[in-house]
Amino acid sequence: MSAVKTTLLCLVGFTLAACSNAAVRQQEEQLIKSSQLNTELGLAYLKERDLELALIKLTKAVEQDPKNAKAQAAIAVVYENMGRADKADGHYIRSVELDPSDSYARNAYAVFLCRKGEVDMAMKHFDAAVDNPLYPQPEVALSNAGQCLRARDPALAEKYLRAALRKNPQFAQALFQMSRISFEQGNALSARGYLQRYQAVAKPTPQTLWLGIQVERELGDRNAVASYSQLLEGEYPDSEEARLLLESKR
């Protein structure tokens with residue numbers, strides 16, 4: 001074979017390989033874009049509580065790009081809401097491995113671990129989320145950490161909740177949790193104060209109304225008890241807290 005022929009064949013081979021590589025890269029880029037789109041669709045369905053459709057879209061997103069950390073975290077949340085903890089755990093772990101700086105994923109995983117009773121591991125992820133200077137909502141992870149610790153270590157839980165309120169003095173979740181801890185520690189007056197601050201920034205829930213009833217009973221304010229009771233029975237008649245209120249009257 002002549003040198004010219006050999007050179008031509010090499011050039012043709014090189015061109016074909018280059019074209020092939022370019023096609024592969026283009027396909028990979030398209031899969032990544034499709035994965036991102038399906039992730040956004042899955043998150044939209046998740047927000048609407050349509051878990052089945054969310055799972056379909058997020059499963060496709062993970063298949064298209066297994067390195068999509070956002071999709072891994074989102075599908076973990078879906079599986080958690082479906083009661084499939086084993087599946088959720090694996091995807092949470094993968095998400096955090098892919099993007100250790102994603103404080104949203106770390107916070108979600110920490111809450112999941114806390115619900116499973118794995119408090120020590122949960123706290124590591126809460127702390128990692130808070131330590132990220134780019135995390136725009138550290139009060140969320142701090143408040144969740146406080147809630148996670150409430151039963152085991154109320155004093156440490158209070159430190160986390162106070163830290164959350166230093167970040168955001170109007171953060172409703174932390175205000176409610178501080179009210180609960182104050183009441184459980186026998187400080188009804190402080191509990192009332194935190195609950196009043198909560199009511200200034202958020203709508204009442206069955207949990208906050210029931211806590212208000214207990215606090216005002218302790219403080220002896222019958223009018224406040226009646227007001228909370230009327231709201232609870234009127235707005236949330238089928239709630240567990242309304243049942244507790246009924247039982248407490250017997």
# chains A, B, ... in the order shown; residues from 1 in each chain; ligands from 1
>>> closest_atom_pairs(of="range 128-188 of chain A", to="range 113-122 of chain A", cutoff="12 Å", atoms="only C-alpha atoms", output="tab-separated table")
residue	atom	partner	partner_atom	distance
A:Ala128	CA	A:Ala122	CA	9.9
A:Ala129	CA	A:Ala122	CA	10.7
A:Ala141	CA	A:Ala122	CA	10.6
A:Leu142	CA	A:Ala122	CA	11.8
A:Asn144	CA	A:Cys114	CA	9.3
A:Ala145	CA	A:Ala122	CA	8.0
A:Gly146	CA	A:Cys114	CA	10.9
A:Gln147	CA	A:Cys114	CA	9.3
A:Cys148	CA	A:Cys114	CA	6.0
A:Leu149	CA	A:Val119	CA	7.5
A:Arg150	CA	A:Val119	CA	10.8
A:Ala151	CA	A:Val119	CA	10.7
A:Arg152	CA	A:Val119	CA	9.0
A:Asp153	CA	A:Val119	CA	10.8
A:Ala157	CA	A:Val119	CA	12.0
>>> write_last_selection(atoms="C-alpha atoms", output="PDB file, in the first residue's frame")
ATOM      1  CA  ALA A 128     -23.114  20.670  56.595  1.00  0.00           C
ATOM      2  CA  ALA A 129     -26.104  22.449  55.064  1.00  0.00           C
ATOM      3  CA  ALA A 141     -31.911  23.627  58.345  1.00  0.00           C
ATOM      4  CA  LEU A 142     -31.291  25.165  61.785  1.00  0.00           C
ATOM      5  CA  ASN A 144     -35.266  21.391  61.393  1.00  0.00           C
ATOM      6  CA  ALA A 145     -32.197  20.461  63.436  1.00  0.00           C
ATOM      7  CA  GLY A 146     -33.811  21.946  66.530  1.00  0.00           C
ATOM      8  CA  GLN A 147     -36.988  20.002  65.914  1.00  0.00           C
ATOM      9  CA  CYS A 148     -34.967  16.825  65.393  1.00  0.00           C
ATOM     10  CA  LEU A 149     -33.205  17.295  68.745  1.00  0.00           C
ATOM     11  CA  ARG A 150     -36.258  18.405  70.751  1.00  0.00           C
ATOM     12  CA  ALA A 151     -37.021  15.054  72.372  1.00  0.00           C
ATOM     13  CA  ARG A 152     -33.413  13.969  72.950  1.00  0.00           C
ATOM     14  CA  ASP A 153     -31.681  17.210  73.923  1.00  0.00           C
ATOM     15  CA  ALA A 157     -32.477  22.042  70.303  1.00  0.00           C
TER      16      ALA A 157
END
>>> residues_around(residues="Ala200 in chain A", least_positions_apart="2", cutoff="12 Å", atoms="only C-alpha atoms", output="list in words")
Pro169, Gln170, Phe171, Ala172, Leu175, Phe176, Gly193, Tyr194, Leu195, Gln196, Arg197, Tyr198, Ala202, Lys203 and Pro204 of chain A
>>> residues_around(residues="Lys67 in chain A", least_positions_apart="6", cutoff="9 Å", atoms="only C-alpha atoms", output="VMD selection string")
chain A and resid 94 to 95 98
>>> closest_residue(among="A:His125, A:Arg25, A:Arg84, A:Lys57", to="Thr39 in chain A", atoms="only C-alpha atoms")
A:Lys57
>>> closest_residue(among="A:Gln137, A:Asn107, A:Ser143, A:Ser182", to="Lys124 in chain A", atoms="only C-alpha atoms")
A:Asn107
>>> residues_around(residues="Ser34 in chain A", least_positions_apart="4", cutoff="8 Å", atoms="only C-alpha atoms", output="tab-separated table (two decimals) with C-alpha atoms, in the first residue's frame")
chain	number	residue	atom	x	y	z
A	30	GLN	CA	-29.20	16.15	24.63
A	38	ASN	CA	-37.87	16.11	33.20
A	61	ALA	CA	-34.58	12.15	34.44
A	64	GLN	CA	-31.19	10.06	31.16
>>> closest_residue(among="A:Ala191, A:Leu58, A:Leu46, A:Leu53", to="Lys70 in chain A", atoms="only C-alpha atoms")
A:Leu58
>>> residues_around(residues="Glu52 in chain A", least_positions_apart="6", cutoff="12 Å", atoms="only C-alpha atoms", output="VMD selection string")
chain A and resid 42 to 43 45 to 46 58 to 59 75 78 to 79 81 to 82
>>> closest_residue(among="A:Leu41, A:Pro206, A:Glu218, A:Leu161", to="Ile56 in chain A", atoms="only C-alpha atoms")
A:Leu41
>>> select_by_dssp(residues="range 105-249 of chain A", states="alpha helix (DSSP H)", output="MDAnalysis selection string")
chainID A and resid 105:115 119:131 138:149 154:167 172:184 188:201 206:219 222:235 240:249
>>> write_last_selection(atoms="C-alpha atoms", output="CSV table (one decimal), in the first residue's frame")
chain,number,residue,atom,x,y,z
A,105,ALA,CA,-30.6,18.1,49.4
A,106,ARG,CA,-28.6,17.8,52.7
A,107,ASN,CA,-31.4,19.3,54.7
A,108,ALA,CA,-34.0,17.1,53.1
A,109,TYR,CA,-31.9,14.0,53.7
A,110,ALA,CA,-31.3,15.1,57.3
A,111,VAL,CA,-35.0,15.4,57.9
A,112,PHE,CA,-35.5,11.9,56.4
A,113,LEU,CA,-32.8,10.5,58.7
A,114,CYS,CA,-34.3,12.2,61.7
A,115,ARG,CA,-37.7,10.6,61.0
A,119,VAL,CA,-30.3,11.6,64.8
A,120,ASP,CA,-26.5,11.7,64.9
A,121,MET,CA,-26.2,11.2,61.1
A,122,ALA,CA,-29.0,13.7,60.5
A,123,MET,CA,-27.2,16.4,62.5
A,124,LYS,CA,-24.1,15.9,60.4
A,125,HIS,CA,-26.1,16.8,57.3
A,126,PHE,CA,-27.9,19.6,59.0
A,127,ASP,CA,-24.6,21.1,60.1
A,128,ALA,CA,-23.1,20.7,56.6
A,129,ALA,CA,-26.1,22.4,55.1
A,130,VAL,CA,-25.8,25.4,57.4
A,131,ASP,CA,-22.0,25.6,57.0
A,138,PRO,CA,-29.9,28.4,56.8
A,139,GLU,CA,-32.8,29.1,59.2
A,140,VAL,CA,-34.6,26.2,57.6
A,141,ALA,CA,-31.9,23.6,58.3
A,142,LEU,CA,-31.3,25.2,61.8
A,143,SER,CA,-35.0,25.0,62.7
A,144,ASN,CA,-35.3,21.4,61.4
A,145,ALA,CA,-32.2,20.5,63.4
A,146,GLY,CA,-33.8,21.9,66.5
A,147,GLN,CA,-37.0,20.0,65.9
A,148,CYS,CA,-35.0,16.8,65.4
A,149,LEU,CA,-33.2,17.3,68.7
A,154,PRO,CA,-34.0,20.2,74.5
A,155,ALA,CA,-31.2,22.5,75.5
A,156,LEU,CA,-29.3,21.9,72.3
A,157,ALA,CA,-32.5,22.0,70.3
A,158,GLU,CA,-33.1,25.5,71.7
A,159,LYS,CA,-29.7,26.7,70.7
A,160,TYR,CA,-30.4,25.6,67.1
A,161,LEU,CA,-33.8,27.3,67.1
A,162,ARG,CA,-32.4,30.5,68.5
A,163,ALA,CA,-29.8,30.4,65.8
A,164,ALA,CA,-32.5,30.1,63.2
A,165,LEU,CA,-34.3,33.1,64.7
A,166,ARG,CA,-31.1,35.1,64.6
A,167,LYS,CA,-31.0,34.4,60.9
A,172,ALA,CA,-42.6,30.7,61.6
A,173,GLN,CA,-41.4,27.1,62.0
A,174,ALA,CA,-38.7,28.1,64.5
A,175,LEU,CA,-41.2,30.3,66.5
A,176,PHE,CA,-43.6,27.5,66.8
A,177,GLN,CA,-40.9,25.0,67.9
A,178,MET,CA,-39.6,27.5,70.5
A,179,SER,CA,-43.1,27.9,71.8
A,180,ARG,CA,-43.4,24.1,72.2
A,181,ILE,CA,-40.0,23.8,73.9
A,182,SER,CA,-40.8,26.7,76.3
A,183,PHE,CA,-44.1,25.1,77.2
A,184,GLU,CA,-42.6,21.6,77.7
A,188,ALA,CA,-45.9,29.0,79.6
A,189,LEU,CA,-45.4,32.8,79.5
A,190,SER,CA,-42.4,32.4,77.1
A,191,ALA,CA,-44.5,29.9,75.1
A,192,ARG,CA,-47.2,32.5,74.8
A,193,GLY,CA,-44.8,35.1,73.5
A,194,TYR,CA,-43.3,32.9,70.8
A,195,LEU,CA,-46.8,31.8,69.8
A,196,GLN,CA,-47.9,35.4,69.5
A,197,ARG,CA,-44.9,36.1,67.3
A,198,TYR,CA,-45.8,33.1,65.2
A,199,GLN,CA,-49.4,34.4,64.8
A,200,ALA,CA,-48.1,37.7,63.5
A,201,VAL,CA,-46.4,36.1,60.5
A,206,PRO,CA,-54.2,22.6,64.2
A,207,GLN,CA,-50.9,22.2,66.0
A,208,THR,CA,-50.5,25.9,66.9
A,209,LEU,CA,-54.1,26.2,68.0
A,210,TRP,CA,-53.9,23.2,70.2
A,211,LEU,CA,-50.6,24.4,71.7
A,212,GLY,CA,-52.3,27.8,72.3
A,213,ILE,CA,-55.1,26.1,74.2
A,214,GLN,CA,-52.7,24.3,76.4
A,215,VAL,CA,-50.6,27.4,77.1
A,216,GLU,CA,-53.6,29.5,77.9
A,217,ARG,CA,-55.1,26.9,80.2
A,218,GLU,CA,-51.8,26.9,82.1
A,219,LEU,CA,-51.9,30.7,82.3
A,222,ARG,CA,-60.3,31.4,79.8
A,223,ASN,CA,-61.1,33.9,77.0
A,224,ALA,CA,-58.0,32.9,75.1
A,225,VAL,CA,-58.7,29.2,75.6
A,226,ALA,CA,-62.3,29.8,74.2
A,227,SER,CA,-60.9,31.8,71.2
A,228,TYR,CA,-58.4,29.1,70.3
A,229,SER,CA,-60.9,26.3,70.8
A,230,GLN,CA,-63.5,28.0,68.6
A,231,LEU,CA,-60.9,28.4,65.8
A,232,LEU,CA,-59.7,24.8,66.1
A,233,GLU,CA,-63.2,23.3,66.1
A,234,GLY,CA,-64.4,25.7,63.4
A,235,GLU,CA,-61.5,25.5,61.0
A,240,GLU,CA,-56.3,15.0,65.6
A,241,GLU,CA,-56.0,18.2,67.6
A,242,ALA,CA,-59.8,18.8,67.6
A,243,ARG,CA,-60.2,15.2,68.8
A,244,LEU,CA,-57.7,15.9,71.7
A,245,LEU,CA,-59.6,19.0,72.6
A,246,LEU,CA,-62.9,17.1,72.7
A,247,GLU,CA,-61.4,14.5,74.9
A,248,SER,CA,-59.9,17.1,77.2
A,249,LYS,CA,-63.3,18.5,77.9
>>> closest_residue(among="A:Lys47, A:Asp238, A:Leu31, A:Asp65", to="Val77 in chain A", atoms="only C-alpha atoms")
A:Lys47
>>> decode(residues="range 125-243 of chain A", atoms="C-alpha atoms", output="mmCIF file, in the first residue's frame")
data_model
loop_
_atom_site.group_PDB
_atom_site.id
_atom_site.type_symbol
_atom_site.label_atom_id
_atom_site.label_comp_id
_atom_site.auth_asym_id
_atom_site.auth_seq_id
_atom_site.Cartn_x
_atom_site.Cartn_y
_atom_site.Cartn_z
ATOM 1 C CA HIS A 125 -26.071 16.780 57.295
ATOM 2 C CA PHE A 126 -27.937 19.647 58.991
ATOM 3 C CA ASP A 127 -24.607 21.146 60.067
ATOM 4 C CA ALA A 128 -23.114 20.670 56.595
ATOM 5 C CA ALA A 129 -26.104 22.449 55.064
ATOM 6 C CA VAL A 130 -25.777 25.394 57.446
ATOM 7 C CA ASP A 131 -21.997 25.639 56.998
ATOM 8 C CA ASN A 132 -22.433 26.329 53.282
ATOM 9 C CA PRO A 133 -22.091 30.145 52.958
ATOM 10 C CA LEU A 134 -24.057 30.060 49.687
ATOM 11 C CA TYR A 135 -27.143 28.470 51.280
ATOM 12 C CA PRO A 136 -29.765 31.247 51.227
ATOM 13 C CA GLN A 137 -32.046 29.689 53.878
ATOM 14 C CA PRO A 138 -29.893 28.444 56.781
ATOM 15 C CA GLU A 139 -32.793 29.087 59.154
ATOM 16 C CA VAL A 140 -34.646 26.158 57.569
ATOM 17 C CA ALA A 141 -31.911 23.627 58.345
ATOM 18 C CA LEU A 142 -31.291 25.165 61.785
ATOM 19 C CA SER A 143 -34.975 24.951 62.671
ATOM 20 C CA ASN A 144 -35.266 21.391 61.393
ATOM 21 C CA ALA A 145 -32.197 20.461 63.436
ATOM 22 C CA GLY A 146 -33.811 21.946 66.530
ATOM 23 C CA GLN A 147 -36.988 20.002 65.914
ATOM 24 C CA CYS A 148 -34.967 16.825 65.393
ATOM 25 C CA LEU A 149 -33.205 17.295 68.745
ATOM 26 C CA ARG A 150 -36.258 18.405 70.751
ATOM 27 C CA ALA A 151 -37.021 15.054 72.372
ATOM 28 C CA ARG A 152 -33.413 13.969 72.950
ATOM 29 C CA ASP A 153 -31.681 17.210 73.923
ATOM 30 C CA PRO A 154 -34.047 20.177 74.486
ATOM 31 C CA ALA A 155 -31.222 22.512 75.509
ATOM 32 C CA LEU A 156 -29.260 21.892 72.316
ATOM 33 C CA ALA A 157 -32.477 22.042 70.303
ATOM 34 C CA GLU A 158 -33.131 25.486 71.743
ATOM 35 C CA LYS A 159 -29.668 26.659 70.651
ATOM 36 C CA TYR A 160 -30.386 25.630 67.069
ATOM 37 C CA LEU A 161 -33.800 27.285 67.119
ATOM 38 C CA ARG A 162 -32.412 30.515 68.528
ATOM 39 C CA ALA A 163 -29.754 30.448 65.817
ATOM 40 C CA ALA A 164 -32.528 30.051 63.236
ATOM 41 C CA LEU A 165 -34.333 33.072 64.652
ATOM 42 C CA ARG A 166 -31.138 35.133 64.577
ATOM 43 C CA LYS A 167 -30.977 34.389 60.855
ATOM 44 C CA ASN A 168 -34.664 35.153 60.393
ATOM 45 C CA PRO A 169 -36.610 36.522 63.404
ATOM 46 C CA GLN A 170 -39.899 35.942 61.585
ATOM 47 C CA PHE A 171 -39.320 32.311 60.640
ATOM 48 C CA ALA A 172 -42.623 30.704 61.630
ATOM 49 C CA GLN A 173 -41.398 27.133 62.030
ATOM 50 C CA ALA A 174 -38.714 28.143 64.539
ATOM 51 C CA LEU A 175 -41.152 30.349 66.465
ATOM 52 C CA PHE A 176 -43.594 27.462 66.822
ATOM 53 C CA GLN A 177 -40.869 25.042 67.906
ATOM 54 C CA MET A 178 -39.561 27.528 70.481
ATOM 55 C CA SER A 179 -43.095 27.874 71.817
ATOM 56 C CA ARG A 180 -43.360 24.085 72.156
ATOM 57 C CA ILE A 181 -40.038 23.761 73.929
ATOM 58 C CA SER A 182 -40.830 26.650 76.267
ATOM 59 C CA PHE A 183 -44.142 25.054 77.212
ATOM 60 C CA GLU A 184 -42.582 21.622 77.706
ATOM 61 C CA GLN A 185 -39.983 23.193 79.991
ATOM 62 C CA GLY A 186 -42.717 24.743 82.126
ATOM 63 C CA ASN A 187 -42.397 28.311 80.842
ATOM 64 C CA ALA A 188 -45.924 29.035 79.622
ATOM 65 C CA LEU A 189 -45.385 32.796 79.501
ATOM 66 C CA SER A 190 -42.449 32.424 77.124
ATOM 67 C CA ALA A 191 -44.466 29.918 75.100
ATOM 68 C CA ARG A 192 -47.236 32.484 74.757
ATOM 69 C CA GLY A 193 -44.765 35.100 73.537
ATOM 70 C CA TYR A 194 -43.342 32.877 70.819
ATOM 71 C CA LEU A 195 -46.822 31.802 69.770
ATOM 72 C CA GLN A 196 -47.927 35.415 69.480
ATOM 73 C CA ARG A 197 -44.899 36.123 67.292
ATOM 74 C CA TYR A 198 -45.841 33.109 65.179
ATOM 75 C CA GLN A 199 -49.403 34.379 64.753
ATOM 76 C CA ALA A 200 -48.076 37.714 63.510
ATOM 77 C CA VAL A 201 -46.360 36.069 60.531
ATOM 78 C CA ALA A 202 -48.265 32.858 59.743
ATOM 79 C CA LYS A 203 -51.736 31.374 59.633
ATOM 80 C CA PRO A 204 -52.812 29.129 62.515
ATOM 81 C CA THR A 205 -52.610 25.373 62.104
ATOM 82 C CA PRO A 206 -54.247 22.644 64.192
ATOM 83 C CA GLN A 207 -50.908 22.185 65.969
ATOM 84 C CA THR A 208 -50.459 25.861 66.868
ATOM 85 C CA LEU A 209 -54.083 26.217 67.988
ATOM 86 C CA TRP A 210 -53.868 23.160 70.232
ATOM 87 C CA LEU A 211 -50.618 24.437 71.706
ATOM 88 C CA GLY A 212 -52.278 27.805 72.296
ATOM 89 C CA ILE A 213 -55.116 26.103 74.175
ATOM 90 C CA GLN A 214 -52.679 24.255 76.423
ATOM 91 C CA VAL A 215 -50.598 27.377 77.052
ATOM 92 C CA GLU A 216 -53.588 29.546 77.930
ATOM 93 C CA ARG A 217 -55.058 26.864 80.165
ATOM 94 C CA GLU A 218 -51.776 26.868 82.058
ATOM 95 C CA LEU A 219 -51.870 30.664 82.319
ATOM 96 C CA GLY A 220 -55.546 30.668 83.302
ATOM 97 C CA ASP A 221 -56.835 32.830 80.450
ATOM 98 C CA ARG A 222 -60.282 31.361 79.759
ATOM 99 C CA ASN A 223 -61.116 33.860 77.032
ATOM 100 C CA ALA A 224 -57.988 32.946 75.091
ATOM 101 C CA VAL A 225 -58.743 29.239 75.563
ATOM 102 C CA ALA A 226 -62.252 29.782 74.213
ATOM 103 C CA SER A 227 -60.934 31.752 71.238
ATOM 104 C CA TYR A 228 -58.364 29.101 70.313
ATOM 105 C CA SER A 229 -60.934 26.333 70.813
ATOM 106 C CA GLN A 230 -63.474 28.025 68.567
ATOM 107 C CA LEU A 231 -60.901 28.401 65.807
ATOM 108 C CA LEU A 232 -59.723 24.803 66.107
ATOM 109 C CA GLU A 233 -63.221 23.314 66.097
ATOM 110 C CA GLY A 234 -64.435 25.655 63.365
ATOM 111 C CA GLU A 235 -61.498 25.489 60.961
ATOM 112 C CA TYR A 236 -60.169 21.979 61.595
ATOM 113 C CA PRO A 237 -63.041 19.863 62.970
ATOM 114 C CA ASP A 238 -61.592 16.589 61.632
ATOM 115 C CA SER A 239 -58.057 17.110 62.911
ATOM 116 C CA GLU A 240 -56.332 15.024 65.553
ATOM 117 C CA GLU A 241 -55.992 18.182 67.650
ATOM 118 C CA ALA A 242 -59.765 18.763 67.563
ATOM 119 C CA ARG A 243 -60.204 15.218 68.844
#
